[in-house]
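Text of the file target26.pdb, holding PDB, C-alpha atoms and all ligand atoms:
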MODEL        1
ATOM      1  CA  MET A 412      11.513  -0.957  14.136
ATOM      2  CA  LYS A 413       8.467  -1.074  16.341
ATOM      3  CA  LEU A 414       6.111  -4.071  16.402
ATOM      4  CA  ILE A 415       2.553  -3.631  17.628
ATOM      5  CA  ARG A 416       0.748  -6.921  18.170
ATOM      6  CA  THR A 417      -3.029  -6.867  18.000
ATOM      7  CA  GLU A 418      -5.679  -9.444  18.761
ATOM      8  CA  ASP A 419      -7.253  -9.478  15.324
ATOM      9  CA  TYR A 420      -7.807  -7.678  12.016
ATOM     10  CA  THR A 421     -10.275  -5.217  13.552
ATOM     11  CA  GLU A 422      -7.832  -4.138  16.231
ATOM     12  CA  MET A 423      -4.996  -3.907  13.678
ATOM     13  CA  SER A 424      -7.163  -1.611  11.539
ATOM     14  CA  LEU A 425      -8.087   0.503  14.538
ATOM     15  CA  GLU A 426      -4.473   0.925  15.647
ATOM     16  CA  ALA A 427      -3.358   1.812  12.114
ATOM     17  CA  GLY A 428      -6.279   4.191  11.645
ATOM     18  CA  LYS A 429      -5.523   5.980  14.904
ATOM     19  CA  ILE A 430      -1.878   6.495  13.927
ATOM     20  CA  ILE A 431      -2.846   7.884  10.508
ATOM     21  CA  VAL A 432      -5.472  10.252  11.926
ATOM     22  CA  GLU A 433      -2.976  11.525  14.501
ATOM     23  CA  LYS A 434      -0.477  12.241  11.707
ATOM     24  CA  ILE A 435      -3.091  14.070   9.619
ATOM     25  CA  ARG A 436      -4.122  16.156  12.614
ATOM     26  CA  SER A 437      -0.541  17.228  13.290
ATOM     27  CA  ASN A 438       0.177  17.820   9.581
ATOM     28  CA  PRO A 439      -3.062  18.625   7.694
ATOM     29  CA  ALA A 440      -1.186  18.845   4.352
ATOM     30  CA  ILE A 441       0.467  15.444   4.807
ATOM     31  CA  THR A 442       1.326  13.241   1.827
ATOM     32  CA  LEU A 443       0.111   9.711   2.477
ATOM     33  CA  GLY A 444       1.313   6.691   0.534
ATOM     34  CA  MET A 445      -1.595   4.327   0.003
ATOM     35  CA  ALA A 446      -1.887   0.585  -0.540
ATOM     36  CA  THR A 447      -4.809  -1.440  -1.853
ATOM     37  CA  GLY A 448      -5.979  -4.992  -1.150
ATOM     38  CA  SER A 449      -7.647  -6.710   1.776
ATOM     39  CA  THR A 450      -5.175  -5.584   4.421
ATOM     40  CA  PRO A 451      -5.777  -1.785   4.502
ATOM     41  CA  LYS A 452      -9.534  -2.013   3.852
ATOM     42  CA  GLY A 453     -10.442  -1.972   7.590
ATOM     43  CA  THR A 454      -8.033   0.909   8.174
ATOM     44  CA  TYR A 455      -9.754   2.874   5.413
ATOM     45  CA  ASP A 456     -13.130   2.085   7.019
ATOM     46  CA  TYR A 457     -11.758   3.577  10.229
ATOM     47  CA  LEU A 458     -10.609   6.740   8.396
ATOM     48  CA  ILE A 459     -14.069   7.143   6.870
ATOM     49  CA  HIS A 460     -15.754   6.622  10.229
ATOM     50  CA  ASP A 461     -13.394   9.118  11.872
ATOM     51  CA  HIS A 462     -13.925  11.683   9.094
ATOM     52  CA  LYS A 463     -17.703  11.428   9.455
ATOM     53  CA  SER A 464     -17.825  11.442  13.234
ATOM     54  CA  ASN A 465     -14.830  13.612  14.202
ATOM     55  CA  GLY A 466     -14.539  15.771  11.099
ATOM     56  CA  THR A 467     -10.858  15.068  10.343
ATOM     57  CA  SER A 468     -10.279  17.135   7.227
ATOM     58  CA  TYR A 469      -8.773  15.826   3.991
ATOM     59  CA  ARG A 470      -8.970  19.168   2.222
ATOM     60  CA  GLU A 471      -5.183  19.517   2.066
ATOM     61  CA  VAL A 472      -4.143  15.863   2.354
ATOM     62  CA  LYS A 473      -2.350  14.454  -0.686
ATOM     63  CA  THR A 474      -2.168  10.777  -1.542
ATOM     64  CA  VAL A 475       0.051   8.677  -3.791
ATOM     65  CA  ASN A 476      -0.757   5.038  -4.354
ATOM     66  CA  LEU A 477       1.865   2.355  -4.566
ATOM     67  CA  ASP A 478       0.753   0.638  -7.704
ATOM     68  CA  GLU A 479      -1.751  -0.052 -10.466
ATOM     69  CA  TYR A 480      -2.380  -2.877 -12.908
ATOM     70  CA  ILE A 481      -1.351  -2.277 -16.485
ATOM     71  CA  GLY A 482      -4.227  -2.344 -18.934
ATOM     72  CA  LEU A 483      -7.121  -1.728 -16.558
ATOM     73  CA  PRO A 484      -8.857   1.623 -17.019
ATOM     74  CA  ALA A 485      -9.871   3.586 -13.920
ATOM     75  CA  GLU A 486     -13.517   2.527 -14.390
ATOM     76  CA  ASP A 487     -12.662  -1.185 -14.250
ATOM     77  CA  SER A 488     -13.873  -2.562 -10.905
ATOM     78  CA  ASN A 489     -10.574  -4.408 -10.459
ATOM     79  CA  SER A 490      -8.391  -1.367 -11.018
ATOM     80  CA  TYR A 491      -6.774   0.241  -8.000
ATOM     81  CA  HIS A 492      -8.258   3.572  -9.113
ATOM     82  CA  TYR A 493     -11.678   2.017  -8.623
ATOM     83  CA  PHE A 494     -10.688   0.395  -5.309
ATOM     84  CA  MET A 495      -9.486   3.687  -3.863
ATOM     85  CA  ARG A 496     -12.497   5.637  -5.064
ATOM     86  CA  GLU A 497     -15.004   3.085  -3.742
ATOM     87  CA  ASN A 498     -13.286   2.230  -0.475
ATOM     88  CA  LEU A 499     -11.909   5.591   0.550
ATOM     89  CA  PHE A 500     -11.768   8.724  -1.551
ATOM     90  CA  GLN A 501     -15.452   9.218  -2.321
ATOM     91  CA  HIS A 502     -16.207   9.138   1.426
ATOM     92  CA  LEU A 503     -13.618  11.707   2.501
ATOM     93  CA  GLU A 504     -14.368  14.879   0.561
ATOM     94  CA  ILE A 505     -10.840  14.770  -0.783
ATOM     95  CA  SER A 506     -10.212  16.602  -4.037
ATOM     96  CA  GLU A 507      -9.446  14.271  -6.949
ATOM     97  CA  ASP A 508      -6.539  16.545  -7.926
ATOM     98  CA  LEU A 509      -4.783  15.618  -4.715
ATOM     99  CA  THR A 510      -5.065  11.849  -5.127
ATOM    100  CA  HIS A 511      -2.496  10.186  -7.347
ATOM    101  CA  ILE A 512      -2.316   6.654  -8.722
ATOM    102  CA  PRO A 513      -0.061   5.427 -11.539
ATOM    103  CA  ASN A 514      -1.887   5.353 -14.873
ATOM    104  CA  GLY A 515      -1.841   1.757 -16.079
ATOM    105  CA  THR A 516      -3.291   2.748 -19.438
ATOM    106  CA  ALA A 517      -0.786   5.498 -20.269
ATOM    107  CA  PRO A 518       0.318   5.283 -23.919
ATOM    108  CA  ASP A 519       3.978   5.441 -22.889
ATOM    109  CA  LEU A 520       4.368   3.450 -19.691
ATOM    110  CA  LYS A 521       8.052   4.225 -19.238
ATOM    111  CA  LEU A 522       7.264   7.911 -19.351
ATOM    112  CA  GLU A 523       4.445   7.321 -16.885
ATOM    113  CA  CYS A 524       6.944   5.776 -14.440
ATOM    114  CA  GLN A 525       9.192   8.839 -14.764
ATOM    115  CA  ARG A 526       6.221  11.174 -14.361
ATOM    116  CA  TYR A 527       5.172   9.370 -11.180
ATOM    117  CA  GLU A 528       8.648   9.535  -9.638
ATOM    118  CA  GLN A 529       8.820  13.243 -10.423
ATOM    119  CA  LEU A 530       5.354  13.783  -8.985
ATOM    120  CA  ILE A 531       6.392  12.215  -5.672
ATOM    121  CA  LYS A 532       9.478  14.440  -5.613
ATOM    122  CA  ASP A 533       7.403  17.523  -6.420
ATOM    123  CA  LEU A 534       5.095  16.685  -3.535
ATOM    124  CA  GLY A 535       8.121  16.722  -1.245
ATOM    125  CA  GLY A 536       8.136  12.939  -0.790
ATOM    126  CA  VAL A 537       5.811  10.645   1.100
ATOM    127  CA  ASP A 538       5.387  11.453   4.782
ATOM    128  CA  LEU A 539       3.705   8.208   5.799
ATOM    129  CA  GLN A 540       3.595   5.126   3.583
ATOM    130  CA  ILE A 541       1.024   2.423   4.326
ATOM    131  CA  LEU A 542       2.098  -1.046   3.194
ATOM    132  CA  GLY A 543       0.712  -4.553   3.061
ATOM    133  CA  ILE A 544       2.908  -7.541   2.281
ATOM    134  CA  GLY A 545       2.569 -10.418  -0.153
ATOM    135  CA  GLN A 546       3.054 -14.011   0.992
ATOM    136  CA  ASN A 547       6.257 -13.965  -1.056
ATOM    137  CA  GLY A 548       7.418 -10.824   0.722
ATOM    138  CA  HIS A 549       6.499  -8.373  -2.022
ATOM    139  CA  ILE A 550       5.843  -4.750  -1.118
ATOM    140  CA  GLY A 551       3.985  -2.692  -3.666
ATOM    141  CA  PHE A 552       4.308  -5.015  -6.631
ATOM    142  CA  ASN A 553       8.043  -5.420  -6.133
ATOM    143  CA  GLU A 554       8.390  -9.151  -6.507
ATOM    144  CA  PRO A 555      11.322 -11.225  -5.166
ATOM    145  CA  GLY A 556      14.511 -10.357  -7.027
ATOM    146  CA  THR A 557      13.657  -6.669  -7.502
ATOM    147  CA  PRO A 558      16.763  -4.532  -6.905
ATOM    148  CA  PHE A 559      16.598  -2.448  -3.748
ATOM    149  CA  SER A 560      17.722   0.471  -5.936
ATOM    150  CA  SER A 561      14.545   0.277  -8.069
ATOM    151  CA  ARG A 562      12.382   3.323  -8.658
ATOM    152  CA  THR A 563       8.859   3.407 -10.117
ATOM    153  CA  HIS A 564       8.890   0.713 -12.780
ATOM    154  CA  ILE A 565       6.939  -1.821 -14.781
ATOM    155  CA  VAL A 566       6.806  -5.324 -13.344
ATOM    156  CA  THR A 567       5.792  -8.744 -14.520
ATOM    157  CA  LEU A 568       3.589 -10.119 -11.763
ATOM    158  CA  ALA A 569       4.723 -13.374 -10.159
ATOM    159  CA  GLN A 570       2.428 -16.323 -10.795
ATOM    160  CA  ASP A 571       1.683 -16.690  -7.057
ATOM    161  CA  THR A 572       0.734 -13.004  -6.857
ATOM    162  CA  ARG A 573      -1.645 -13.410  -9.808
ATOM    163  CA  GLU A 574      -3.123 -16.488  -8.134
ATOM    164  CA  ALA A 575      -3.536 -14.672  -4.805
ATOM    165  CA  ASN A 576      -5.208 -11.702  -6.515
ATOM    166  CA  SER A 577      -7.427 -13.843  -8.754
ATOM    167  CA  ARG A 578      -9.918 -13.942  -5.853
ATOM    168  CA  PHE A 579     -11.144 -10.543  -7.050
ATOM    169  CA  PHE A 580     -11.485 -11.585 -10.718
ATOM    170  CA  ASN A 581     -13.735 -14.102 -12.512
ATOM    171  CA  SER A 582     -10.737 -16.219 -13.417
ATOM    172  CA  ILE A 583      -6.949 -16.084 -13.231
ATOM    173  CA  ASN A 584      -6.827 -15.393 -16.966
ATOM    174  CA  GLU A 585      -8.377 -11.988 -16.310
ATOM    175  CA  VAL A 586      -5.667 -10.984 -13.809
ATOM    176  CA  PRO A 587      -3.283  -8.600 -15.578
ATOM    177  CA  THR A 588       0.227  -9.894 -16.136
ATOM    178  CA  HIS A 589       1.933  -6.545 -15.548
ATOM    179  CA  ALA A 590       1.719  -3.591 -13.204
ATOM    180  CA  ILE A 591       3.353  -0.255 -12.456
ATOM    181  CA  THR A 592       4.750   0.014  -8.971
ATOM    182  CA  MET A 593       6.764   2.429  -6.896
ATOM    183  CA  GLY A 594      10.222   0.907  -6.598
ATOM    184  CA  ILE A 595      11.851  -0.231  -3.390
ATOM    185  CA  ALA A 596      14.131   2.833  -3.325
ATOM    186  CA  THR A 597      11.036   5.011  -3.830
ATOM    187  CA  ILE A 598       9.293   3.329  -0.892
ATOM    188  CA  LEU A 599      12.368   3.602   1.328
ATOM    189  CA  GLU A 600      12.459   7.367   0.779
ATOM    190  CA  SER A 601       9.167   7.714   2.668
ATOM    191  CA  LYS A 602       9.755   9.477   5.944
ATOM    192  CA  GLU A 603       7.767   6.908   7.870
ATOM    193  CA  ILE A 604       6.352   3.479   7.052
ATOM    194  CA  LEU A 605       3.398   1.595   8.482
ATOM    195  CA  LEU A 606       3.433  -2.103   7.555
ATOM    196  CA  LEU A 607       0.187  -3.964   8.200
ATOM    197  CA  ILE A 608       0.085  -7.750   8.408
ATOM    198  CA  SER A 609      -2.976  -9.833   9.106
ATOM    199  CA  GLY A 610      -3.908 -13.498   8.972
ATOM    200  CA  GLU A 611      -2.299 -16.878   9.228
ATOM    201  CA  ASN A 612      -1.474 -16.902   5.518
ATOM    202  CA  LYS A 613       0.995 -14.059   6.225
ATOM    203  CA  ALA A 614       2.575 -15.699   9.300
ATOM    204  CA  GLU A 615       5.520 -17.146   7.383
ATOM    205  CA  ALA A 616       6.145 -13.824   5.652
ATOM    206  CA  LEU A 617       6.195 -12.062   9.024
ATOM    207  CA  LEU A 618       8.572 -14.677  10.464
ATOM    208  CA  LYS A 619      10.909 -14.207   7.506
ATOM    209  CA  PHE A 620      10.638 -10.447   7.806
ATOM    210  CA  MET A 621      11.481 -10.466  11.516
ATOM    211  CA  ASN A 622      14.154 -13.159  11.551
ATOM    212  CA  GLY A 623      15.413 -13.522   8.002
ATOM    213  CA  GLU A 624      18.343 -11.789   6.419
ATOM    214  CA  ILE A 625      18.130  -8.630   4.318
ATOM    215  CA  SER A 626      17.978  -9.893   0.764
ATOM    216  CA  GLU A 627      16.482  -8.930  -2.579
ATOM    217  CA  ASP A 628      14.915 -12.402  -2.583
ATOM    218  CA  PHE A 629      12.539 -11.092   0.076
ATOM    219  CA  PRO A 630      11.632  -7.503  -0.881
ATOM    220  CA  ALA A 631      10.104  -6.513   2.475
ATOM    221  CA  SER A 632      13.471  -7.132   4.148
ATOM    222  CA  ALA A 633      14.603  -3.815   2.592
ATOM    223  CA  LEU A 634      12.442  -2.094   5.196
ATOM    224  CA  LYS A 635      14.950  -3.115   7.843
ATOM    225  CA  ASN A 636      17.233  -0.454   6.347
ATOM    226  CA  HIS A 637      14.640   2.200   7.214
ATOM    227  CA  HIS A 638      14.711   3.921  10.586
ATOM    228  CA  GLN A 639      10.993   4.693  11.019
ATOM    229  CA  VAL A 640       9.027   1.502  10.453
ATOM    230  CA  THR A 641       6.050   0.468  12.543
ATOM    231  CA  VAL A 642       4.661  -3.027  11.979
ATOM    232  CA  ILE A 643       1.144  -3.747  13.140
ATOM    233  CA  ALA A 644       0.403  -7.462  13.049
ATOM    234  CA  ASP A 645      -2.505  -9.450  14.381
ATOM    235  CA  ARG A 646      -2.294 -12.611  16.461
ATOM    236  CA  ALA A 647      -2.784 -14.947  13.481
ATOM    237  CA  ALA A 648       0.061 -13.305  11.557
ATOM    238  CA  CYS A 649       2.250 -13.489  14.676
ATOM    239  CA  LYS A 650       1.777 -17.276  14.913
ATOM    240  CA  PHE A 651       5.535 -17.998  14.524
ATOM    241  CA  ILE A 652       7.025 -15.027  16.317
TER     242      ILE A 652
HETATM  243  C1  LIG A 701      -1.324  -3.319  -2.986
HETATM  244  C2  LIG A 701       0.047  -3.760  -2.773
HETATM  245  C3  LIG A 701       0.389  -5.163  -2.396
HETATM  246  C4  LIG A 701      -0.489  -5.714  -1.253
HETATM  247  C5  LIG A 701      -0.156  -7.176  -0.997
HETATM  248  C6  LIG A 701      -1.052  -7.772   0.057
HETATM  249  O1  LIG A 701      -1.363  -1.960  -3.346
HETATM  250  O2  LIG A 701       0.922  -2.975  -2.957
HETATM  251  O3  LIG A 701       1.747  -5.232  -2.021
HETATM  252  O4  LIG A 701      -0.281  -4.952  -0.113
HETATM  253  O5  LIG A 701      -0.297  -7.908  -2.179
HETATM  254  O6  LIG A 701      -2.358  -7.809  -0.425
HETATM  255  P1  LIG A 701      -3.581  -8.138   0.525
HETATM  256  O7  LIG A 701      -3.671  -7.038   1.493
HETATM  257  O8  LIG A 701      -4.779  -8.186  -0.380
HETATM  258  O9  LIG A 701      -3.273  -9.450   1.185
ENDMDL
END
What does this structure look like when you write it as structure tokens?
Ligand code: F6R
Amino acid sequence: MKLIRTEDYTEMSLEAGKIIVEKIRSNPAITLGMATGSTPKGTYDYLIHDHKSNGTSYREVKTVNLDEYIGLPAEDSNSYHYFMRENLFQHLEISEDLTHIPNGTAPDLKLECQRYEQLIKDLGGVDLQILGIGQNGHIGFNEPGTPFSSRTHIVTLAQDTREANSRFFNSINEVPTHAITMGIATILESKEILLLISGENKAEALLKFMNGEISEDFPASALKNHHQVTVIADRAACKFI
């Protein structure tokens, strides 16, 4: 595992963005695994800036997102479909057919999980997976206790995750209780993983990740079983390491 320490969020985003652009340039038909939330937002801004100023092409790039809330249609401003469209896709001239996000309003959610797993297989797997981390160590929406053998599945969101994410909603009652997420085994099959960690509120999670044992109680620890993980963490997140 490689750890890149950066001064702040901006530098973390820049470093991550540069790595992603380099990968796209060496493999223009790359399959990228995408995350949502506050952490990758600056990285996505960098990708947009780079696309506009350097012309990096997304014509053949394919994307698969980690997760989506159950019950929120794509038009809902809190859905991850909406997040990706607003914060990245619409700025990149990337064809909608090549961007994939679990459908949280599918009539048969179990079938949707199977479809998504198959889709990732059909794409030849994820070449580079971008990840954030929850304060409780979740990756995707795999909450503590999720088996490392899990594949794309339906989860009940932990109360602390709903509280953390309620900052985007009018009230916690509006935060969905369930989500679809790639499983931990699905994530570990990515050829390469880029884990981004920013801010003092993630410092304990980073400490646990670096020094703690590998345990299903701390989902991100599964990444230690992967041979191609790069962690980019800013100074605030590195407070205890
Ligand atoms: C989002 C995701 C989550 C987030 C995590 C951190 O697609 O999979 O695991 O990466 O909840 O969220 P932020 O970045 O908002 O702190």
Problem - Reference answer for the PyMOL selection byres (((chain A and resi 533-537) around 7) and not hetatm), as an MDAnalysis selection string - result: chainID A and resid 442:444 529:532 538:540 601:602
Would you kindly translate the PyMOL selection byres (((chain A and resi 610-620) around 10) and not hetatm) into the concrete residues it picks from this file, as a CSV table (one decimal) with C-alpha atoms, in the frame of the given file?
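So the final result, stored in out.csv, reads:
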chain,number,residue,atom,x,y,z
A,419,ASP,CA,-7.3,-9.5,15.3
A,420,TYR,CA,-7.8,-7.7,12.0
A,450,THR,CA,-5.2,-5.6,4.4
A,544,ILE,CA,2.9,-7.5,2.3
A,545,GLY,CA,2.6,-10.4,-0.2
A,546,GLN,CA,3.1,-14.0,1.0
A,547,ASN,CA,6.3,-14.0,-1.1
A,548,GLY,CA,7.4,-10.8,0.7
A,549,HIS,CA,6.5,-8.4,-2.0
A,608,ILE,CA,0.1,-7.8,8.4
A,609,SER,CA,-3.0,-9.8,9.1
A,621,MET,CA,11.5,-10.5,11.5
A,622,ASN,CA,14.2,-13.2,11.6
A,623,GLY,CA,15.4,-13.5,8.0
A,624,GLU,CA,18.3,-11.8,6.4
A,625,ILE,CA,18.1,-8.6,4.3
A,629,PHE,CA,12.5,-11.1,0.1
A,630,PRO,CA,11.6,-7.5,-0.9
A,631,ALA,CA,10.1,-6.5,2.5
A,632,SER,CA,13.5,-7.1,4.1
A,633,ALA,CA,14.6,-3.8,2.6
A,634,LEU,CA,12.4,-2.1,5.2
A,635,LYS,CA,15.0,-3.1,7.8
A,642,VAL,CA,4.7,-3.0,12.0
A,644,ALA,CA,0.4,-7.5,13.0
A,645,ASP,CA,-2.5,-9.4,14.4
A,646,ARG,CA,-2.3,-12.6,16.5
A,647,ALA,CA,-2.8,-14.9,13.5
A,648,ALA,CA,0.1,-13.3,11.6
A,649,CYS,CA,2.2,-13.5,14.7
A,650,LYS,CA,1.8,-17.3,14.9
A,651,PHE,CA,5.5,-18.0,14.5
A,652,ILE,CA,7.0,-15.0,16.3
Exercise for the section: For the structure shown, which residues end up in the PyMOL selection byres (((not hetatm)) within 10 of (chain A and resi 701))? Put them as a ChimeraX atom specification, please? Expected result: /A:444-452,476-480,491,494-495,541-554,572-573,575-576,578-579,592-593,606-610,612-613,631
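Atom pair atom CA of Arg526 of chain A / atom CA of Asn514 of chain A has a distance of 10.0 Å (rounded to one decimal).
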Handout entry: Protein/DNA/RNA residues near (-5.9, -17.8, -9.6), cut 6 Å, all atoms listed in the file, as number ranges by chain
Key = A: 574, 577, 583
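Each of A:Asn438, A:Ile595, A:Arg470, A:Glu585 was checked against Asp487 of chain A using only C-alpha atoms; the smallest atom-to-atom distance is that of A:Glu585.
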Please supply segment 430-449 of chain A, rebuilt with N, CA and C atoms, as a compact mmCIF listing (two decimals), in the coordinates of the input.
# COMPACT_ATOMS: atom_id res chain seq x y z
N ILE A 430 -3.19 5.90 14.23
CA ILE A 430 -1.88 6.50 13.93
C ILE A 430 -2.00 7.46 12.75
N ILE A 431 -2.72 7.04 11.71
CA ILE A 431 -2.85 7.88 10.51
C ILE A 431 -3.60 9.18 10.84
N VAL A 432 -4.69 9.06 11.58
CA VAL A 432 -5.47 10.25 11.93
C VAL A 432 -4.62 11.23 12.75
N GLU A 433 -3.85 10.68 13.68
CA GLU A 433 -2.98 11.52 14.50
C GLU A 433 -1.99 12.30 13.62
N LYS A 434 -1.44 11.60 12.62
CA LYS A 434 -0.48 12.24 11.71
C LYS A 434 -1.16 13.34 10.89
N ILE A 435 -2.37 13.07 10.43
CA ILE A 435 -3.09 14.07 9.62
C ILE A 435 -3.39 15.30 10.48
N ARG A 436 -3.77 15.04 11.72
CA ARG A 436 -4.12 16.16 12.61
C ARG A 436 -2.90 17.01 12.93
N SER A 437 -1.72 16.39 13.00
CA SER A 437 -0.54 17.23 13.29
C SER A 437 0.05 17.81 12.01
N ASN A 438 -0.30 17.27 10.86
CA ASN A 438 0.18 17.82 9.58
C ASN A 438 -0.95 17.72 8.55
N PRO A 439 -1.86 18.71 8.54
CA PRO A 439 -3.06 18.62 7.69
C PRO A 439 -2.76 18.56 6.19
N ALA A 440 -1.53 18.92 5.78
CA ALA A 440 -1.19 18.84 4.35
C ALA A 440 -0.25 17.66 4.09
N ILE A 441 -0.39 16.63 4.89
CA ILE A 441 0.47 15.44 4.81
C ILE A 441 0.34 14.75 3.44
N THR A 442 1.42 14.11 3.01
CA THR A 442 1.33 13.24 1.83
C THR A 442 1.35 11.80 2.32
N LEU A 443 0.24 11.11 2.05
CA LEU A 443 0.11 9.71 2.48
C LEU A 443 0.37 8.78 1.30
N GLY A 444 1.12 7.73 1.54
CA GLY A 444 1.31 6.69 0.53
C GLY A 444 0.29 5.59 0.81
N MET A 445 -0.48 5.25 -0.21
CA MET A 445 -1.60 4.33 0.00
C MET A 445 -1.35 2.96 -0.63
N ALA A 446 -1.91 1.94 0.01
CA ALA A 446 -1.89 0.58 -0.54
C ALA A 446 -3.33 0.16 -0.83
N THR A 447 -3.48 -0.87 -1.61
CA THR A 447 -4.81 -1.44 -1.85
C THR A 447 -4.81 -2.86 -1.31
N GLY A 448 -5.90 -3.59 -1.57
CA GLY A 448 -5.98 -4.99 -1.15
C GLY A 448 -6.78 -5.16 0.12
N SER A 449 -6.81 -6.39 0.61
CA SER A 449 -7.65 -6.71 1.78
C SER A 449 -7.09 -6.08 3.05
